[in-house]
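As provided, input-v9.txt (compact mmCIF, C-alpha atoms) reads as follows.
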```txt
# COMPACT_ATOMS: atom_id res chain seq x y z
CA MET A 1317 111.52 100.71 94.97
CA GLN A 1318 109.27 97.92 96.15
CA ILE A 1319 108.31 95.46 93.42
CA LEU A 1320 106.02 92.45 93.65
CA LYS A 1321 105.71 90.18 90.65
CA ASP A 1322 102.32 88.53 90.24
CA HIS A 1323 101.80 86.76 86.91
CA GLU A 1324 103.92 89.28 84.99
CA LEU A 1325 102.41 92.14 87.00
CA GLU A 1326 104.73 94.43 88.94
CA ILE A 1327 103.34 96.37 91.88
CA ARG A 1328 105.53 99.33 92.79
CA LEU A 1329 105.49 101.92 95.52
CA ASP A 1330 104.92 105.10 93.51
CA ASP A 1331 104.17 108.82 93.48
CA PRO A 1332 100.51 109.65 92.74
CA ALA A 1333 101.60 113.03 91.34
CA ALA A 1334 103.91 111.40 88.75
CA SER A 1335 103.14 112.20 85.13
CA HIS A 1336 102.67 108.50 84.28
CA VAL A 1337 99.71 108.36 86.72
CA SER A 1338 97.94 111.60 85.75
CA ASP A 1339 95.80 110.39 82.82
CA LEU A 1340 94.49 107.28 84.60
CA LEU A 1341 93.84 109.21 87.82
CA ALA A 1342 91.98 111.94 85.89
CA HIS A 1343 89.88 109.26 84.15
CA HIS A 1344 89.14 107.65 87.53
CA LEU A 1345 87.98 110.92 89.09
CA ARG A 1346 85.89 111.95 86.06
CA GLU A 1347 84.12 108.61 85.88
CA LEU A 1348 83.32 108.48 89.59
CA ARG A 1349 82.08 112.07 89.68
CA SER A 1350 79.86 111.41 86.65
CA VAL A 1351 77.84 108.78 88.57
CA MET A 1352 78.32 109.85 92.20
CA GLY A 1353 78.47 113.65 92.04
CA GLU A 1354 79.49 115.17 95.36
CA HIS A 1355 79.41 111.70 96.94
CA ALA A 1356 82.57 110.67 95.05
CA PHE A 1357 85.26 110.60 97.73
CA ALA A 1358 88.18 109.40 95.59
CA LEU A 1359 91.35 111.30 96.34
CA ASP A 1360 93.19 113.36 93.77
CA ALA A 1361 97.01 113.35 93.48
CA SER A 1362 97.40 115.76 96.38
CA GLY A 1363 95.17 113.65 98.65
CA LEU A 1364 96.95 110.46 97.61
CA SER A 1365 100.27 112.17 98.42
CA SER A 1366 99.27 112.70 102.06
CA PRO A 1367 101.72 111.21 104.61
CA ASP A 1368 98.98 108.85 105.89
CA VAL A 1369 98.49 107.31 102.40
CA THR A 1370 100.69 104.73 100.68
CA PHE A 1371 100.25 104.57 96.90
CA TRP A 1372 101.16 101.76 94.49
CA THR A 1373 100.99 101.34 90.73
CA ALA A 1374 100.64 98.06 88.86
CA TRP A 1375 102.55 97.50 85.62
CA ARG A 1376 102.31 94.87 82.92
CA ASP A 1377 104.77 94.77 80.01
CA GLY A 1378 105.84 98.35 80.74
CA ASP A 1379 102.28 99.72 80.70
CA LEU A 1380 100.44 101.21 83.67
CA ALA A 1381 97.74 98.65 84.46
CA GLY A 1382 96.28 100.24 87.59
CA PHE A 1383 96.81 101.78 90.98
CA GLY A 1384 95.63 101.51 94.56
CA ALA A 1385 96.33 103.04 97.93
CA LEU A 1386 96.15 102.31 101.64
CA LYS A 1387 95.21 105.08 104.06
CA GLN A 1388 96.03 104.88 107.76
CA LEU A 1389 92.98 105.55 109.89
CA GLU A 1390 93.28 105.48 113.67
CA ALA A 1391 95.56 102.86 115.22
CA GLY A 1392 94.77 99.37 114.02
CA ARG A 1393 92.61 100.34 111.04
CA GLY A 1394 93.23 101.21 107.42
CA GLU A 1395 91.20 102.12 104.36
CA VAL A 1396 91.51 100.94 100.76
CA LYS A 1397 91.61 104.10 98.63
CA SER A 1398 91.28 104.75 94.90
CA MET A 1399 91.68 101.27 93.47
CA ARG A 1400 91.54 101.42 89.68
CA ALA A 1401 92.46 99.17 86.79
CA ALA A 1402 93.26 100.87 83.50
CA PRO A 1403 90.42 100.39 80.98
CA SER A 1404 92.68 98.15 78.87
CA ALA A 1405 93.49 96.00 81.93
CA ARG A 1406 89.98 95.40 83.28
CA GLY A 1407 89.20 91.75 83.82
CA THR A 1408 92.87 90.73 83.77
CA GLY A 1409 93.44 90.30 87.52
CA VAL A 1410 94.98 93.72 88.18
CA GLY A 1411 92.36 94.64 90.78
CA ARG A 1412 92.73 91.28 92.52
CA ALA A 1413 96.52 91.67 92.65
CA LEU A 1414 96.35 95.25 93.94
CA LEU A 1415 93.77 94.37 96.58
CA GLY A 1416 95.83 91.36 97.66
CA HIS A 1417 98.88 93.59 97.96
CA ILE A 1418 96.97 96.16 100.05
CA VAL A 1419 95.54 93.47 102.35
CA THR A 1420 98.99 91.94 102.80
CA GLU A 1421 100.42 95.36 103.68
CA ALA A 1422 97.58 96.05 106.14
CA ARG A 1423 98.27 92.74 107.87
CA ALA A 1424 102.02 93.49 107.97
CA ARG A 1425 101.22 96.79 109.66
CA GLY A 1426 99.21 94.95 112.29
CA TYR A 1427 95.84 96.39 111.33
CA GLU A 1428 92.82 94.67 112.84
CA ALA A 1429 90.44 95.88 110.13
CA LEU A 1430 90.54 97.22 106.61
CA HIS A 1431 87.65 99.45 105.50
CA LEU A 1432 86.55 100.80 102.16
CA GLU A 1433 83.92 103.09 100.68
CA THR A 1434 82.64 102.46 97.18
CA GLY A 1435 79.71 103.41 95.00
CA THR A 1436 76.41 101.77 94.18
CA ALA A 1437 76.31 102.46 90.41
CA ASP A 1438 76.52 99.64 87.87
CA LEU A 1439 80.14 100.51 87.08
CA HIS A 1440 81.05 99.52 90.65
CA ALA A 1441 79.65 95.96 90.32
CA PRO A 1442 82.96 94.28 89.35
CA ALA A 1443 84.80 95.95 92.25
CA ILE A 1444 82.06 95.05 94.72
CA ALA A 1445 82.18 91.42 93.56
CA LEU A 1446 85.97 91.43 94.04
CA TYR A 1447 85.66 92.88 97.54
CA ARG A 1448 83.03 90.31 98.55
CA ARG A 1449 85.10 87.41 97.12
CA SER A 1450 88.01 88.74 99.18
CA GLY A 1451 86.01 88.60 102.42
CA PHE A 1452 84.76 92.17 102.78
CA VAL A 1453 81.30 92.51 104.30
CA SER A 1454 78.92 95.45 104.47
CA CYS A 1455 79.22 97.83 107.40
CA GLY A 1456 78.10 101.30 108.36
CA PRO A 1457 79.92 104.52 107.52
CA PHE A 1458 83.34 104.92 109.11
CA ALA A 1459 85.83 107.76 109.57
CA ASP A 1460 84.15 110.98 108.42
CA TYR A 1461 81.87 109.47 105.75
CA ASP A 1462 78.11 109.99 105.69
CA ALA A 1463 75.73 107.43 104.23
CA SER A 1464 73.97 108.20 100.94
CA GLU A 1465 72.24 106.30 98.17
CA HIS A 1466 75.46 106.64 96.15
CA ASN A 1467 77.80 105.01 98.66
CA GLN A 1468 78.29 101.74 100.46
CA PHE A 1469 80.80 100.76 103.10
CA MET A 1470 82.63 97.49 103.66
CA VAL A 1471 85.11 96.06 106.14
CA LEU A 1472 87.49 93.11 106.24
CA THR A 1473 88.51 91.83 109.67
CA LEU A 1474 92.20 90.92 109.49
```
Target format structure tokens, applied to this file:
Amino acid sequence: MQILKDHELEIRLDDPAASHVSDLLAHHLRELRSVMGEHAFALDASGLSSPDVTFWTAWRDGDLAGFGALKQLEAGRGEVKSMRAAPSARGTGVGRALLGHIVTEARARGYEALHLETGTADLHAPAIALYRRSGFVSCGPFADYDASEHNQFMVLTL
């Protein structure tokens, strides 16, 4: 088990199909689909269990505080997938810690760039602000994504 302590936050390599993840993942998917419809590309447990995806959970005081994943694209590039703070942990630094962990892992893997796709709805504003503060800039669609009014794409050069 890989554990990183960040201000009483533990980030662990985990199984997205584990029962302790299911409620938060279901909430994540429901919320995104409610504002993005068919343009919500968040992965479910089976997608997050793919061999090209690494999945982590964040814990504080024994409670699940969030999760995030890193997907391998072609050589030298990765994608941030399904970052989510638990509703009770929003605004507490969980997203920042998870994103920092994912960026660190991408650098350790030798990636040249880290991409992400996110939404344009108001509920995405805190995440977008976090990504921009972390150095991500807007870019065009990547991988097999298509542009829509519900999506935006960002990249961080590593």
query: Got a sec: who's within 10 Å of A:Asp1379, counting only C-alpha atoms, leaving out chain neighbours fewer than 3 positions off, as a ChimeraX atom specification?
result: /A:1325,1336,1374-1376,1382,1402,1404-1405
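By all atoms listed in the file, and with residues fewer than 6 positions from A:Ala1391 along its chain excluded, the set lying at most 12 Å from it is Asp1368, Ala1422, Arg1425, Gly1426, Tyr1427, Glu1428, Ala1429 and Leu1430 of chain A.
Nearest to A:Thr1370 of all the residues A:Gly1411, A:Glu1421, A:Leu1341, A:Arg1406 is A:Glu1421, counting only C-alpha atoms.
With distances taken over all atoms listed in the file, A:Met1399 is the one residue among A:Val1471, A:Gly1392, A:Asp1462, A:Met1399 lying closest to A:Pro1442.
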query: Near A:Val1396, within 9 Å and counting only C-alpha atoms, which residues show up once chain neighbours fewer than 6 positions away are dropped, as JSON, numbers by chain?
result: {"A": [1384, 1385, 1386, 1387, 1415, 1418, 1419, 1430, 1431, 1432, 1433]}
Dump C-alpha atoms for the selected residues as an mmCIF file, in the coordinates of the input?
```cif
data_model
loop_
_atom_site.group_PDB
_atom_site.id
_atom_site.type_symbol
_atom_site.label_atom_id
_atom_site.label_comp_id
_atom_site.auth_asym_id
_atom_site.auth_seq_id
_atom_site.Cartn_x
_atom_site.Cartn_y
_atom_site.Cartn_z
ATOM 1 C CA GLY A 1384 95.630 101.510 94.560
ATOM 2 C CA ALA A 1385 96.330 103.040 97.930
ATOM 3 C CA LEU A 1386 96.150 102.310 101.640
ATOM 4 C CA LYS A 1387 95.210 105.080 104.060
ATOM 5 C CA LEU A 1415 93.770 94.370 96.580
ATOM 6 C CA ILE A 1418 96.970 96.160 100.050
ATOM 7 C CA VAL A 1419 95.540 93.470 102.350
ATOM 8 C CA LEU A 1430 90.540 97.220 106.610
ATOM 9 C CA HIS A 1431 87.650 99.450 105.500
ATOM 10 C CA LEU A 1432 86.550 100.800 102.160
ATOM 11 C CA GLU A 1433 83.920 103.090 100.680
#
```
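Closest approach to A:Lys1397 from the set A:Ala1358, A:Phe1469, A:Thr1420, A:Ala1459 is made by A:Ala1358, with distances taken over all atoms listed in the file.
Atom CA of A:Met1470 to atom CA of A:His1417 spans 17.7 Å [interatomic distance, one decimal].
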- line: In Å and to one decimal, atom CA of A:Ser1365 is distant from atom CA of A:Pro1332 by 6.2 Å
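Reported to one decimal place, the separation of atom CA of A:Ser1464 from atom CA of A:Ser1366 is 25.7 Å.
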statement: In terms of all atoms listed in the file, the residue from A:Glu1465, A:Gly1409, A:Ser1398, A:Asp1331 at minimal distance from A:Leu1359 is A:Ser1398
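Non-sequential neighbours of A:Ser1338 (distance at most 12 Å, separation of 2 or more positions within a chain, all atoms listed in the file) are Asp1331, Pro1332, Ala1333, Ala1334, Ser1335, His1336, Leu1340, Leu1341, Ala1342, His1343, His1344, Leu1345, Asp1360, Ala1361, Ser1362, Leu1364, Thr1373, Leu1380, Gly1382, Phe1383 and Ala1402 of chain A.
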task: Compile the contact shell of A:Thr1436 as a PyMOL selection string: residues with an atom at most 8 Å away, counting only C-alpha atoms, same-chain residues fewer than 6 positions apart removed.
output: chain A and resi 1465-1468
message: Please determine, counting only C-alpha atoms, which residue among A:Gly1363, A:Thr1473, A:Arg1328, A:Phe1458 has the shortest atom-to-atom distance to A:Leu1389.
response: A:Phe1458
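In this comparison, which uses all atoms listed in the file, the residue of A:Val1337, A:Ser1450, A:Asp1330, A:Pro1457 approaching A:Gly1416 most closely is A:Ser1450.
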Return stretch 1366-1382 of chain A, completed with N, CA and C atoms, as a CSV table (one decimal), in the coordinates of the input.
```
chain,number,residue,atom,x,y,z
A,1366,SER,N,99.3,112.4,100.6
A,1366,SER,CA,99.3,112.7,102.1
A,1366,SER,C,100.2,111.7,102.8
A,1367,PRO,N,100.8,112.1,103.9
A,1367,PRO,CA,101.7,111.2,104.6
A,1367,PRO,C,101.0,110.0,105.2
A,1368,ASP,N,99.7,110.0,105.4
A,1368,ASP,CA,99.0,108.8,105.9
A,1368,ASP,C,98.5,107.9,104.8
A,1369,VAL,N,98.9,108.1,103.5
A,1369,VAL,CA,98.5,107.3,102.4
A,1369,VAL,C,99.7,106.7,101.7
A,1370,THR,N,99.7,105.4,101.4
A,1370,THR,CA,100.7,104.7,100.7
A,1370,THR,C,100.1,104.4,99.3
A,1371,PHE,N,100.8,104.7,98.3
A,1371,PHE,CA,100.2,104.6,96.9
A,1371,PHE,C,101.1,103.6,96.1
A,1372,TRP,N,100.5,102.7,95.4
A,1372,TRP,CA,101.2,101.8,94.5
A,1372,TRP,C,100.6,101.8,93.1
A,1373,THR,N,101.4,101.5,92.1
A,1373,THR,CA,101.0,101.3,90.7
A,1373,THR,C,101.3,99.9,90.3
A,1374,ALA,N,100.5,99.4,89.4
A,1374,ALA,CA,100.6,98.1,88.9
A,1374,ALA,C,101.0,98.2,87.4
A,1375,TRP,N,102.0,97.4,87.0
A,1375,TRP,CA,102.6,97.5,85.6
A,1375,TRP,C,102.6,96.1,85.0
A,1376,ARG,N,102.2,96.1,83.7
A,1376,ARG,CA,102.3,94.9,82.9
A,1376,ARG,C,103.0,95.2,81.6
A,1377,ASP,N,104.1,94.5,81.3
A,1377,ASP,CA,104.8,94.8,80.0
A,1377,ASP,C,105.1,96.3,79.8
A,1378,GLY,N,105.5,97.0,80.9
A,1378,GLY,CA,105.8,98.4,80.7
A,1378,GLY,C,104.7,99.3,80.7
A,1379,ASP,N,103.5,98.8,80.8
A,1379,ASP,CA,102.3,99.7,80.7
A,1379,ASP,C,101.6,99.8,82.1
A,1380,LEU,N,101.2,101.0,82.4
A,1380,LEU,CA,100.4,101.2,83.7
A,1380,LEU,C,99.1,100.4,83.6
A,1381,ALA,N,98.9,99.5,84.5
A,1381,ALA,CA,97.7,98.6,84.5
A,1381,ALA,C,96.7,99.0,85.5
A,1382,GLY,N,97.2,99.8,86.5
A,1382,GLY,CA,96.3,100.2,87.6
A,1382,GLY,C,97.0,100.9,88.8
```
